[in-house]
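Inspection log for the structure reproduced underneath, given as structure tokens.
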Amino acid sequence: MMDEIKAKIRAFIVENFLYGEDSELDDDTSFLGDGIIDSTGILELVGFLEETFEIEVDDEELLPENLDSLDNVAAYVARKI
Amino acid sequence: MPENTIQPKLCQKCVLPETFPGIKFDAAGVCSYCQKDEKTIEKAPVRKAQYRQRLDQLVKETQAEARTYDAIMAYSGGKDSSYTLKLLRDRYDLRIAALTFDNHFVSPAAYDNIKKVCDALHVDHIIFKPPWSVIKPLFALTAQTDPFAAPTLLRASSICTACIGLVKSLVLKTALEMSIPLVAFGWSPGQAPIQSGIMKTNPRLIRMNQSALKKALPVEIAASITPYLLPDQYYEKYDHKFPHNIHPLAFFDYDETAIKEELGTIGWQAPSDTDTNSSNCLLNAYANQCHIKRCSFHPYVWEIANLVRQGVMTRNEGIEKIYTEQNAEMVRYAQTRLT
Ligand SMILES: [Zn+2]
């Protein structure tokens, strides 16, 4: 299931922030540290997660350890669903 | 068609060109971004209503705890930020400090509007202007190269990204220092998706953002802008005071003609001394031209395409905004100052 979650998130990031170029994106690449997503982009990611996985992300959960790499996001989503 | 237009193949529905990264067209010539956006646009009215309620609630909660001001507004004097200011005053009666970042290219017309609007709305105004010795190298660099991460280029020119990075940082810094719970921006619904309309800022996310901004720049320039970024100790010192960012135009009604009319009642006038996309910054035409030359698409095309899809403007209006040559005199003016 984890792989499936990660694949969906990867597809979203590649399509919306890397515009189809996924060569730069490893599972542990830092979205913010590498400038792939800025703080506004994080909210677009959150919107996608809430819709796709039917979860609710609280303000207090907007943390790097939940949202700042494919690994982190997938683990976070897996905990929530 | 006027002589001074440039026309690549465009999406038949919005205004995105074939040169836009990642774009694909279907048999009818409609782009992949338009197709992807259909569901979002369908759901927009319901979501916008939810966000308006959320803001009502947030204002109620924060007004009780704010000390001097309820909100600080990143204020350029342009149509969108002026209207946001009016909306926040009219609807919520917020006590607002408006902060204008003077990047040495603020037009005289913008200053006229700023004075009129702040007086009419009873808003305190702060001007923040770093010395030319800090500003010039930053803009001269971003006029020549694109130092920031590739995705930033899809939404703005590197000159704008650099400038806005400083603006965001300064309003946040001021909000923390003055215990202001809300930070307002006038992003149009084309620039800000609805779900970005209200966001609690998080110290660690901001910290990563700021270090990415610095890391992208040469050491000397990074050092010269450091005083305008958040000092390291602020992240802990103000840990529990990080404000909410709000982008009200993402979820309130947005009609350009109505907005201009309403602003007219408080003395705001559409300036004529700037280019077609920005009503306040004399650097904008040059920034656009640099971006178009390097990236082969206009830095505002993403925003304008969104506005066309949302029905805020017609496709023809969008095409005129995006595919008209930059004003040569404006380009020369900024270019000369930066070389
Ligand atoms: Zn399109």
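By convention in this document, the chains of the structure tokens carry letters A, B, ... by their order, each chain's residues are numbered from 1, and ligands are numbered from 1 in the order they are shown.
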Interface, chain B side, toward chain A (10 Å; only C-alpha atoms) as a ChimeraX atom specification:
/B:20-23,33,148-152,154,192-213,215-216,244-245
Using only C-alpha atoms, please write the residues we just selected to a file, as a PDB file, in the first residue's frame.
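Done, and the output landed in part32.pdb:
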ATOM      1  CA  PHE B  20       5.052  26.403 -21.612  1.00  0.00           C
ATOM      2  CA  PRO B  21       6.860  23.514 -19.864  1.00  0.00           C
ATOM      3  CA  GLY B  22       4.999  20.203 -19.724  1.00  0.00           C
ATOM      4  CA  ILE B  23       2.074  21.384 -21.863  1.00  0.00           C
ATOM      5  CA  TYR B  33      -3.710  22.387 -17.763  1.00  0.00           C
ATOM      6  CA  PHE B 148      16.279  29.999  -8.105  1.00  0.00           C
ATOM      7  CA  ALA B 149      14.817  26.518  -8.499  1.00  0.00           C
ATOM      8  CA  ALA B 150      13.252  25.771 -11.891  1.00  0.00           C
ATOM      9  CA  PRO B 151       9.603  25.608 -10.677  1.00  0.00           C
ATOM     10  CA  THR B 152       9.751  29.280  -9.622  1.00  0.00           C
ATOM     11  CA  LEU B 154       6.735  28.951 -14.156  1.00  0.00           C
ATOM     12  CA  ALA B 192      -3.184  31.914  -5.409  1.00  0.00           C
ATOM     13  CA  PRO B 193      -5.184  28.676  -5.472  1.00  0.00           C
ATOM     14  CA  ILE B 194      -8.114  28.651  -3.045  1.00  0.00           C
ATOM     15  CA  GLN B 195      -6.475  26.208  -0.663  1.00  0.00           C
ATOM     16  CA  SER B 196      -3.557  28.602  -0.184  1.00  0.00           C
ATOM     17  CA  GLY B 197      -5.999  31.317   0.909  1.00  0.00           C
ATOM     18  CA  ILE B 198      -5.463  30.789   4.628  1.00  0.00           C
ATOM     19  CA  MET B 199      -2.304  29.272   6.001  1.00  0.00           C
ATOM     20  CA  LYS B 200      -0.723  29.131   9.421  1.00  0.00           C
ATOM     21  CA  THR B 201       2.969  29.848   8.899  1.00  0.00           C
ATOM     22  CA  ASN B 202       5.259  27.269  10.387  1.00  0.00           C
ATOM     23  CA  PRO B 203       8.685  28.288  11.734  1.00  0.00           C
ATOM     24  CA  ARG B 204      10.500  25.303  10.340  1.00  0.00           C
ATOM     25  CA  LEU B 205       8.938  25.500   6.900  1.00  0.00           C
ATOM     26  CA  ILE B 206       9.750  29.214   6.744  1.00  0.00           C
ATOM     27  CA  ARG B 207      13.285  28.522   7.855  1.00  0.00           C
ATOM     28  CA  MET B 208      13.768  26.015   5.042  1.00  0.00           C
ATOM     29  CA  ASN B 209      12.307  28.492   2.563  1.00  0.00           C
ATOM     30  CA  GLN B 210      14.626  31.245   3.656  1.00  0.00           C
ATOM     31  CA  SER B 211      17.714  29.106   3.540  1.00  0.00           C
ATOM     32  CA  ALA B 212      16.745  27.899   0.038  1.00  0.00           C
ATOM     33  CA  LEU B 213      16.488  31.557  -1.029  1.00  0.00           C
ATOM     34  CA  LYS B 215      21.527  29.181  -0.915  1.00  0.00           C
ATOM     35  CA  ALA B 216      20.483  30.074  -4.455  1.00  0.00           C
ATOM     36  CA  HIS B 244      -1.549  33.175   9.596  1.00  0.00           C
ATOM     37  CA  ASN B 245      -0.984  34.211   6.002  1.00  0.00           C
TER      38      ASN B 245
END
Counting only C-alpha atoms and all ligand atoms, which protein, DNA or RNA residues come within 9 Å of ligand 1, given as a ChimeraX atom specification?
/B:10-17,23,25,29-35,305-306,309
Rounded to one decimal place, report the CA of Arg47 (chain B)-CA of Gln191 (chain B) distance in Å.
16.6 Å
Excluding His291 (chain B) and its own-chain neighbours fewer than 4 positions away, which residues fall within 12 Å of it when counting only C-alpha atoms? Please give them as a VMD selection string.
chain B and resid 142 to 146 152 to 161 284 to 287 295 to 301 326
Would you export the selected residues with C-alpha atoms as a CSV table (one decimal), in the first residue's frame, please?
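Dumped everything to again.csv:
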chain,number,residue,atom,x,y,z
B,142,THR,CA,18.4,38.1,-11.5
B,143,ALA,CA,18.1,40.2,-14.7
B,144,GLN,CA,21.0,38.1,-16.2
B,145,THR,CA,20.4,34.7,-14.7
B,146,ASP,CA,17.8,32.5,-13.1
B,152,THR,CA,9.8,29.3,-9.6
B,153,LEU,CA,10.2,30.3,-13.3
B,154,LEU,CA,6.7,29.0,-14.2
B,155,ARG,CA,5.1,31.5,-11.9
B,156,ALA,CA,7.3,34.6,-11.9
B,157,SER,CA,10.5,36.1,-13.3
B,158,SER,CA,13.6,35.7,-11.2
B,159,ILE,CA,13.6,39.5,-10.5
B,160,CYS,CA,10.1,39.2,-9.1
B,161,THR,CA,10.9,36.0,-7.1
B,284,ASN,CA,8.3,45.0,-14.3
B,285,ALA,CA,8.6,45.4,-18.1
B,286,TYR,CA,12.3,44.7,-18.0
B,287,ALA,CA,11.8,41.7,-15.7
B,295,CYS,CA,12.2,31.0,-21.0
B,296,SER,CA,10.2,31.6,-24.1
B,297,PHE,CA,7.0,32.3,-22.2
B,298,HIS,CA,5.6,35.3,-20.3
B,299,PRO,CA,6.1,35.2,-16.5
B,300,TYR,CA,2.5,36.2,-16.0
B,301,VAL,CA,1.0,33.7,-18.4
B,326,GLN,CA,7.0,45.1,-23.5
Out of region 88-314 of chain B, which residues get strand (DSSP E or B) from DSSP, as a PyMOL selection string?
chain B and resi 96-101+106+124-128+182-184+198-200+244-246+281
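The spacing separating CA of Asp28 (chain A) from CA of Asp232 (chain B) amounts to 25.0 Å.
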Gap from CA of Ala74 (chain A) to CA of Phe53 (chain A) - Å, one decimal
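Atom-to-atom, CA of Ala74 (chain A) to CA of Phe53 (chain A), that is 10.8 Å.
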For Ala223 (chain B), work out the shell of residues within 12 Å, counting only C-alpha atoms and skipping chain neighbours fewer than 3 positions away, then give it as a PyMOL selection string.
chain B and resi 134+137-138+211+213-220+226-229
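With only C-alpha atoms taken into account, the protein and nucleic acid residues at most 9 Å from Ile96 (chain B) (excluding it and anything under 4 positions from it in its own chain) are Thr68, Tyr69, Asp70, Ala71, Ile72, Met73, Leu85, Leu88, Arg89, His122, Val123, Asp124 and His125 of chain B.
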Enumerate as a PyMOL selection string all residues of region 45-148 of chain B assigned to helix (DSSP H, G or I) by DSSP on the backbone, naming them with the chain letters and numbers the document uses.
chain B and resi 45-65+79-92+108-121+132-144
B:Cys290, B:Ile126, B:Ile180, B:Ile259 ranked by distance to Tyr238 (chain B), top pick (using only C-alpha atoms)
B:Ile180
Tell me which protein, DNA and RNA residues are within 12 Å of region 54-58 of chain B, counting only C-alpha atoms, leaving out same-chain ones fewer than 2 positions away, and put them as a CSV table (one decimal) with all heavy atoms, in the first residue's frame.
chain,number,residue,atom,x,y,z
B,47,ARG,N,-16.0,25.8,-2.3
B,47,ARG,CA,-14.8,26.0,-1.5
B,47,ARG,C,-14.6,27.4,-1.1
B,47,ARG,O,-14.1,27.7,0.0
B,47,ARG,CB,-13.6,25.5,-2.4
B,47,ARG,CG,-13.5,24.1,-2.5
B,47,ARG,CD,-12.1,23.8,-3.0
B,47,ARG,NE,-11.5,22.8,-2.0
B,47,ARG,CZ,-10.3,22.2,-2.3
B,47,ARG,NH1,-9.6,22.6,-3.3
B,47,ARG,NH2,-9.9,21.4,-1.4
B,48,LYS,N,-14.9,28.3,-2.0
B,48,LYS,CA,-14.7,29.7,-1.7
B,48,LYS,C,-15.6,30.1,-0.5
B,48,LYS,O,-15.1,30.8,0.4
B,48,LYS,CB,-15.0,30.6,-2.9
B,48,LYS,CG,-13.9,30.6,-3.9
B,48,LYS,CD,-14.2,31.6,-5.0
B,48,LYS,CE,-13.1,31.7,-6.0
B,48,LYS,NZ,-13.2,32.7,-7.0
B,49,ALA,N,-16.8,29.6,-0.5
B,49,ALA,CA,-17.7,29.9,0.6
B,49,ALA,C,-17.1,29.4,1.9
B,49,ALA,O,-17.2,30.1,3.0
B,49,ALA,CB,-19.1,29.4,0.3
B,50,GLN,N,-16.6,28.2,1.9
B,50,GLN,CA,-16.0,27.6,3.1
B,50,GLN,C,-14.8,28.5,3.6
B,50,GLN,O,-14.7,28.7,4.8
B,50,GLN,CB,-15.4,26.2,2.8
B,50,GLN,CG,-16.5,25.1,2.6
B,50,GLN,CD,-15.9,23.9,2.0
B,50,GLN,OE1,-14.7,23.8,1.5
B,50,GLN,NE2,-16.6,22.8,2.0
B,51,TYR,N,-14.0,29.0,2.7
B,51,TYR,CA,-12.9,29.8,3.1
B,51,TYR,C,-13.3,31.1,3.6
B,51,TYR,O,-12.6,31.6,4.5
B,51,TYR,CB,-11.8,29.9,1.9
B,51,TYR,CG,-10.8,28.8,1.9
B,51,TYR,CD1,-11.2,27.5,1.5
B,51,TYR,CD2,-9.6,29.0,2.5
B,51,TYR,CE1,-10.2,26.5,1.6
B,51,TYR,CE2,-8.6,28.0,2.5
B,51,TYR,CZ,-9.0,26.7,2.1
B,51,TYR,OH,-8.1,25.7,2.1
B,52,ARG,N,-14.4,31.7,3.1
B,52,ARG,CA,-14.8,32.9,3.7
B,52,ARG,C,-15.3,32.7,5.1
B,52,ARG,O,-15.0,33.5,6.0
B,52,ARG,CB,-16.0,33.5,2.8
B,52,ARG,CG,-15.5,34.1,1.5
B,52,ARG,CD,-16.6,34.9,0.8
B,52,ARG,NE,-17.7,34.2,0.4
B,52,ARG,CZ,-17.8,33.6,-0.9
B,52,ARG,NH1,-16.9,33.7,-1.7
B,52,ARG,NH2,-18.9,32.9,-1.2
B,60,LYS,N,-12.2,36.5,14.1
B,60,LYS,CA,-12.8,36.6,15.4
B,60,LYS,C,-11.8,36.1,16.5
B,60,LYS,O,-11.7,36.8,17.5
B,60,LYS,CB,-14.0,35.6,15.5
B,60,LYS,CG,-15.4,36.4,15.7
B,60,LYS,CD,-16.5,35.4,15.9
B,60,LYS,CE,-17.6,35.6,15.0
B,60,LYS,NZ,-18.5,34.4,14.8
B,61,GLU,N,-11.2,35.0,16.2
B,61,GLU,CA,-10.2,34.5,17.2
B,61,GLU,C,-9.0,35.4,17.4
B,61,GLU,O,-8.6,35.6,18.5
B,61,GLU,CB,-9.7,33.1,16.7
B,61,GLU,CG,-10.8,32.0,16.8
B,61,GLU,CD,-10.4,30.8,16.0
B,61,GLU,OE1,-9.2,30.7,15.7
B,61,GLU,OE2,-11.3,30.0,15.7
B,62,THR,N,-8.5,35.9,16.3
B,62,THR,CA,-7.2,36.7,16.4
B,62,THR,C,-7.4,38.1,16.9
B,62,THR,O,-6.6,38.6,17.6
B,62,THR,CB,-6.5,36.7,15.0
B,62,THR,OG1,-7.4,37.2,14.0
B,62,THR,CG2,-5.9,35.4,14.7
B,63,GLN,N,-8.6,38.7,16.6
B,63,GLN,CA,-8.9,40.0,17.0
B,63,GLN,C,-8.8,40.2,18.5
B,63,GLN,O,-8.4,41.2,19.0
B,63,GLN,CB,-10.2,40.5,16.5
B,63,GLN,CG,-10.1,41.5,15.4
B,63,GLN,CD,-11.5,41.9,14.8
B,63,GLN,OE1,-12.4,41.2,14.9
B,63,GLN,NE2,-11.5,43.1,14.2
B,64,ALA,N,-9.2,39.1,19.2
B,64,ALA,CA,-9.2,39.1,20.6
B,64,ALA,C,-7.8,39.2,21.2
B,64,ALA,O,-7.5,39.8,22.2
B,64,ALA,CB,-9.9,37.9,21.2
B,65,GLU,N,-6.8,38.6,20.5
B,65,GLU,CA,-5.4,38.5,21.1
B,65,GLU,C,-4.5,39.5,20.5
B,65,GLU,O,-3.4,39.7,21.0
B,65,GLU,CB,-4.9,37.1,20.9
B,65,GLU,CG,-4.7,36.8,19.4
B,65,GLU,CD,-4.2,35.3,19.2
B,65,GLU,OE1,-5.0,34.4,19.6
B,65,GLU,OE2,-3.2,35.1,18.6
B,66,ALA,N,-4.8,40.2,19.4
B,66,ALA,CA,-3.9,41.1,18.8
B,66,ALA,C,-3.7,42.3,19.7
B,66,ALA,O,-4.6,42.9,20.3
B,66,ALA,CB,-4.4,41.6,17.4
B,70,ASP,N,-4.3,44.1,14.0
B,70,ASP,CA,-4.9,42.8,13.7
B,70,ASP,C,-4.2,42.2,12.5
B,70,ASP,O,-4.1,41.0,12.4
B,70,ASP,CB,-6.4,42.9,13.4
B,70,ASP,CG,-7.1,43.6,14.5
B,70,ASP,OD1,-7.0,43.1,15.7
B,70,ASP,OD2,-7.8,44.6,14.3
B,71,ALA,N,-3.7,43.0,11.6
B,71,ALA,CA,-3.1,42.5,10.4
B,71,ALA,C,-2.1,43.4,9.8
B,71,ALA,O,-2.1,44.7,10.0
B,71,ALA,CB,-4.2,42.3,9.3
B,88,LEU,N,-10.6,44.2,3.7
B,88,LEU,CA,-10.3,43.8,5.1
B,88,LEU,C,-10.8,44.9,6.1
B,88,LEU,O,-11.3,44.6,7.2
B,88,LEU,CB,-8.9,43.5,5.4
B,88,LEU,CG,-8.3,42.3,4.7
B,88,LEU,CD1,-6.8,42.2,4.8
B,88,LEU,CD2,-9.0,41.0,5.2
B,91,ARG,N,-15.1,44.8,5.6
B,91,ARG,CA,-15.8,43.6,6.1
B,91,ARG,C,-15.5,43.3,7.6
B,91,ARG,O,-16.3,42.9,8.3
B,91,ARG,CB,-15.4,42.4,5.2
B,91,ARG,CG,-16.1,41.1,5.6
B,91,ARG,CD,-15.8,40.1,4.6
B,91,ARG,NE,-16.3,38.7,5.0
B,91,ARG,CZ,-17.3,38.1,4.5
B,91,ARG,NH1,-18.0,38.7,3.5
B,91,ARG,NH2,-17.6,36.9,4.9
B,92,TYR,N,-14.2,43.6,8.0
B,92,TYR,CA,-13.9,43.2,9.3
B,92,TYR,C,-13.4,44.3,10.3
B,92,TYR,O,-13.2,44.1,11.4
B,92,TYR,CB,-12.7,42.2,9.3
B,92,TYR,CG,-13.0,40.9,8.5
B,92,TYR,CD1,-12.4,40.7,7.3
B,92,TYR,CD2,-13.9,40.0,9.0
B,92,TYR,CE1,-12.7,39.6,6.5
B,92,TYR,CE2,-14.2,38.8,8.3
B,92,TYR,CZ,-13.6,38.6,7.1
B,92,TYR,OH,-13.9,37.5,6.3
B,93,ASP,N,-13.3,45.5,9.7
B,93,ASP,CA,-12.9,46.7,10.5
B,93,ASP,C,-11.5,46.4,11.2
B,93,ASP,O,-11.3,46.7,12.4
B,93,ASP,CB,-14.0,47.0,11.5
B,93,ASP,CG,-13.7,48.4,12.1
B,93,ASP,OD1,-13.1,49.2,11.5
B,93,ASP,OD2,-14.2,48.6,13.3
B,94,LEU,N,-10.6,45.7,10.5
B,94,LEU,CA,-9.3,45.3,11.1
B,94,LEU,C,-8.5,46.6,11.3
B,94,LEU,O,-8.5,47.5,10.5
B,94,LEU,CB,-8.6,44.3,10.2
B,94,LEU,CG,-9.2,43.0,10.0
B,94,LEU,CD1,-8.2,42.1,9.2
B,94,LEU,CD2,-9.5,42.3,11.3
B,181,PRO,N,-1.1,39.1,14.4
B,181,PRO,CA,-1.5,37.7,14.1
B,181,PRO,C,-1.8,37.3,12.6
B,181,PRO,O,-1.8,36.2,12.3
B,181,PRO,CB,-2.7,37.4,15.0
B,181,PRO,CG,-3.3,38.8,15.1
B,181,PRO,CD,-2.2,39.8,15.1
B,182,LEU,N,-2.1,38.4,11.8
B,182,LEU,CA,-2.4,38.0,10.4
B,182,LEU,C,-1.5,38.8,9.4
B,182,LEU,O,-1.2,40.0,9.6
B,182,LEU,CB,-3.9,38.5,10.1
B,182,LEU,CG,-5.0,37.8,10.9
B,182,LEU,CD1,-6.4,38.4,10.5
B,182,LEU,CD2,-5.0,36.3,10.7
B,184,ALA,N,-1.5,39.7,5.5
B,184,ALA,CA,-2.3,39.7,4.3
B,184,ALA,C,-1.6,40.0,3.0
B,184,ALA,O,-0.7,40.9,3.0
B,184,ALA,CB,-3.5,40.7,4.4
B,195,GLN,N,-7.0,26.8,-1.9
B,195,GLN,CA,-6.5,26.2,-0.7
B,195,GLN,C,-5.2,26.9,-0.1
B,195,GLN,O,-4.8,26.6,1.0
B,195,GLN,CB,-6.2,24.7,-0.8
B,195,GLN,CG,-5.0,24.4,-1.7
B,195,GLN,CD,-5.4,24.1,-3.1
B,195,GLN,OE1,-6.4,24.6,-3.6
B,195,GLN,NE2,-4.6,23.3,-3.8
B,197,GLY,N,-5.4,30.1,0.5
B,197,GLY,CA,-6.0,31.3,0.9
B,197,GLY,C,-5.8,31.6,2.4
B,197,GLY,O,-5.8,32.8,2.8
B,198,ILE,N,-5.7,30.6,3.2
B,198,ILE,CA,-5.5,30.8,4.6
B,198,ILE,C,-4.4,29.8,5.1
B,198,ILE,O,-4.6,28.6,4.8
B,198,ILE,CB,-6.7,30.6,5.5
B,198,ILE,CG1,-7.8,31.6,5.0
B,198,ILE,CG2,-6.5,30.7,6.9
B,198,ILE,CD1,-9.2,31.3,5.7
B,199,MET,N,-3.4,30.2,5.6
B,199,MET,CA,-2.3,29.3,6.0
B,199,MET,C,-1.6,29.7,7.3
B,199,MET,O,-1.1,30.8,7.3
B,199,MET,CB,-1.3,29.2,4.9
B,199,MET,CG,-0.1,28.3,5.2
B,199,MET,SD,1.3,28.7,4.3
B,199,MET,CE,2.3,27.3,4.5
B,200,LYS,N,-1.5,28.8,8.2
B,200,LYS,CA,-0.7,29.1,9.4
B,200,LYS,C,0.7,28.9,9.0
B,200,LYS,O,1.1,27.9,8.5
B,200,LYS,CB,-1.1,28.1,10.5
B,200,LYS,CG,-0.3,28.2,11.8
B,200,LYS,CD,-1.0,29.1,12.8
B,200,LYS,CE,-0.4,28.9,14.2
B,200,LYS,NZ,0.8,29.7,14.4
B,243,PRO,N,2.4,34.0,12.5
B,243,PRO,CA,1.0,34.4,12.1
B,243,PRO,C,0.4,33.5,11.0
B,243,PRO,O,1.0,32.6,10.5
B,243,PRO,CB,1.3,35.8,11.5
B,243,PRO,CG,2.7,35.6,10.9
B,243,PRO,CD,3.4,34.7,11.9
B,244,HIS,N,-0.9,33.8,10.8
B,244,HIS,CA,-1.5,33.2,9.6
B,244,HIS,C,-1.3,34.1,8.4
B,244,HIS,O,-1.5,35.3,8.5
B,244,HIS,CB,-3.1,33.1,9.8
B,244,HIS,CG,-3.5,31.9,10.6
B,244,HIS,ND1,-3.5,31.9,12.0
B,244,HIS,CD2,-3.9,30.7,10.2
B,244,HIS,CE1,-3.9,30.7,12.4
B,244,HIS,NE2,-4.2,29.9,11.4
B,245,ASN,N,-1.0,33.5,7.3
B,245,ASN,CA,-1.0,34.2,6.0
B,245,ASN,C,-2.4,34.1,5.4
B,245,ASN,O,-3.0,33.0,5.4
B,245,ASN,CB,0.0,33.6,5.0
B,245,ASN,CG,1.4,34.0,5.3
B,245,ASN,OD1,1.7,34.8,6.1
B,245,ASN,ND2,2.3,33.4,4.5
B,246,ILE,N,-2.9,35.3,5.0
B,246,ILE,CA,-4.2,35.2,4.3
B,246,ILE,C,-4.1,35.8,2.9
B,246,ILE,O,-3.5,36.9,2.7
B,246,ILE,CB,-5.3,35.9,5.1
B,246,ILE,CG1,-5.0,37.3,5.5
B,246,ILE,CG2,-5.6,35.1,6.4
B,246,ILE,CD1,-6.1,38.1,6.2
B,247,HIS,N,-4.8,35.2,1.9
B,247,HIS,CA,-4.8,35.7,0.6
B,247,HIS,C,-6.3,35.8,0.2
B,247,HIS,O,-6.8,35.0,-0.5
B,247,HIS,CB,-4.2,34.8,-0.4
B,247,HIS,CG,-2.8,34.3,0.0
B,247,HIS,ND1,-2.3,33.1,-0.4
B,247,HIS,CD2,-1.9,34.8,0.8
B,247,HIS,CE1,-1.1,32.9,0.1
B,247,HIS,NE2,-0.8,34.0,0.8
B,248,PRO,N,-7.0,36.9,0.7
B,248,PRO,CA,-8.5,36.9,0.6
B,248,PRO,C,-9.0,36.9,-0.9
B,248,PRO,O,-10.0,36.3,-1.1
B,248,PRO,CB,-8.8,38.3,1.2
B,248,PRO,CG,-7.7,38.6,2.1
B,248,PRO,CD,-6.5,38.0,1.5
B,249,LEU,N,-8.2,37.4,-1.8
B,249,LEU,CA,-8.8,37.5,-3.2
B,249,LEU,C,-8.9,36.1,-3.8
B,249,LEU,O,-9.6,35.9,-4.8
B,249,LEU,CB,-7.9,38.4,-4.1
B,249,LEU,CG,-7.9,39.9,-3.7
B,249,LEU,CD1,-7.2,40.7,-4.8
B,249,LEU,CD2,-9.3,40.4,-3.4
B,250,ALA,N,-8.2,35.1,-3.2
B,250,ALA,CA,-8.3,33.7,-3.6
B,250,ALA,C,-9.8,33.2,-3.4
B,250,ALA,O,-10.2,32.3,-4.1
B,250,ALA,CB,-7.3,32.8,-2.9
B,251,PHE,N,-10.5,33.8,-2.5
B,251,PHE,CA,-11.8,33.2,-2.2
B,251,PHE,C,-12.9,34.2,-2.0
B,251,PHE,O,-14.0,33.9,-1.6
B,251,PHE,CB,-11.7,32.3,-1.0
B,251,PHE,CG,-11.1,32.9,0.3
B,251,PHE,CD1,-11.9,33.5,1.2
B,251,PHE,CD2,-9.7,32.8,0.5
B,251,PHE,CE1,-11.3,34.1,2.3
B,251,PHE,CE2,-9.1,33.3,1.6
B,251,PHE,CZ,-9.9,34.0,2.5
B,252,PHE,N,-12.7,35.5,-2.4
B,252,PHE,CA,-13.7,36.5,-2.5
B,252,PHE,C,-14.0,36.8,-3.9
B,252,PHE,O,-13.2,36.4,-4.8
B,252,PHE,CB,-13.4,37.8,-1.7
B,252,PHE,CG,-13.6,37.7,-0.3
B,252,PHE,CD1,-12.6,37.4,0.6
B,252,PHE,CD2,-14.9,38.0,0.3
B,252,PHE,CE1,-12.8,37.3,2.0
B,252,PHE,CE2,-15.1,37.9,1.6
B,252,PHE,CZ,-14.0,37.6,2.5
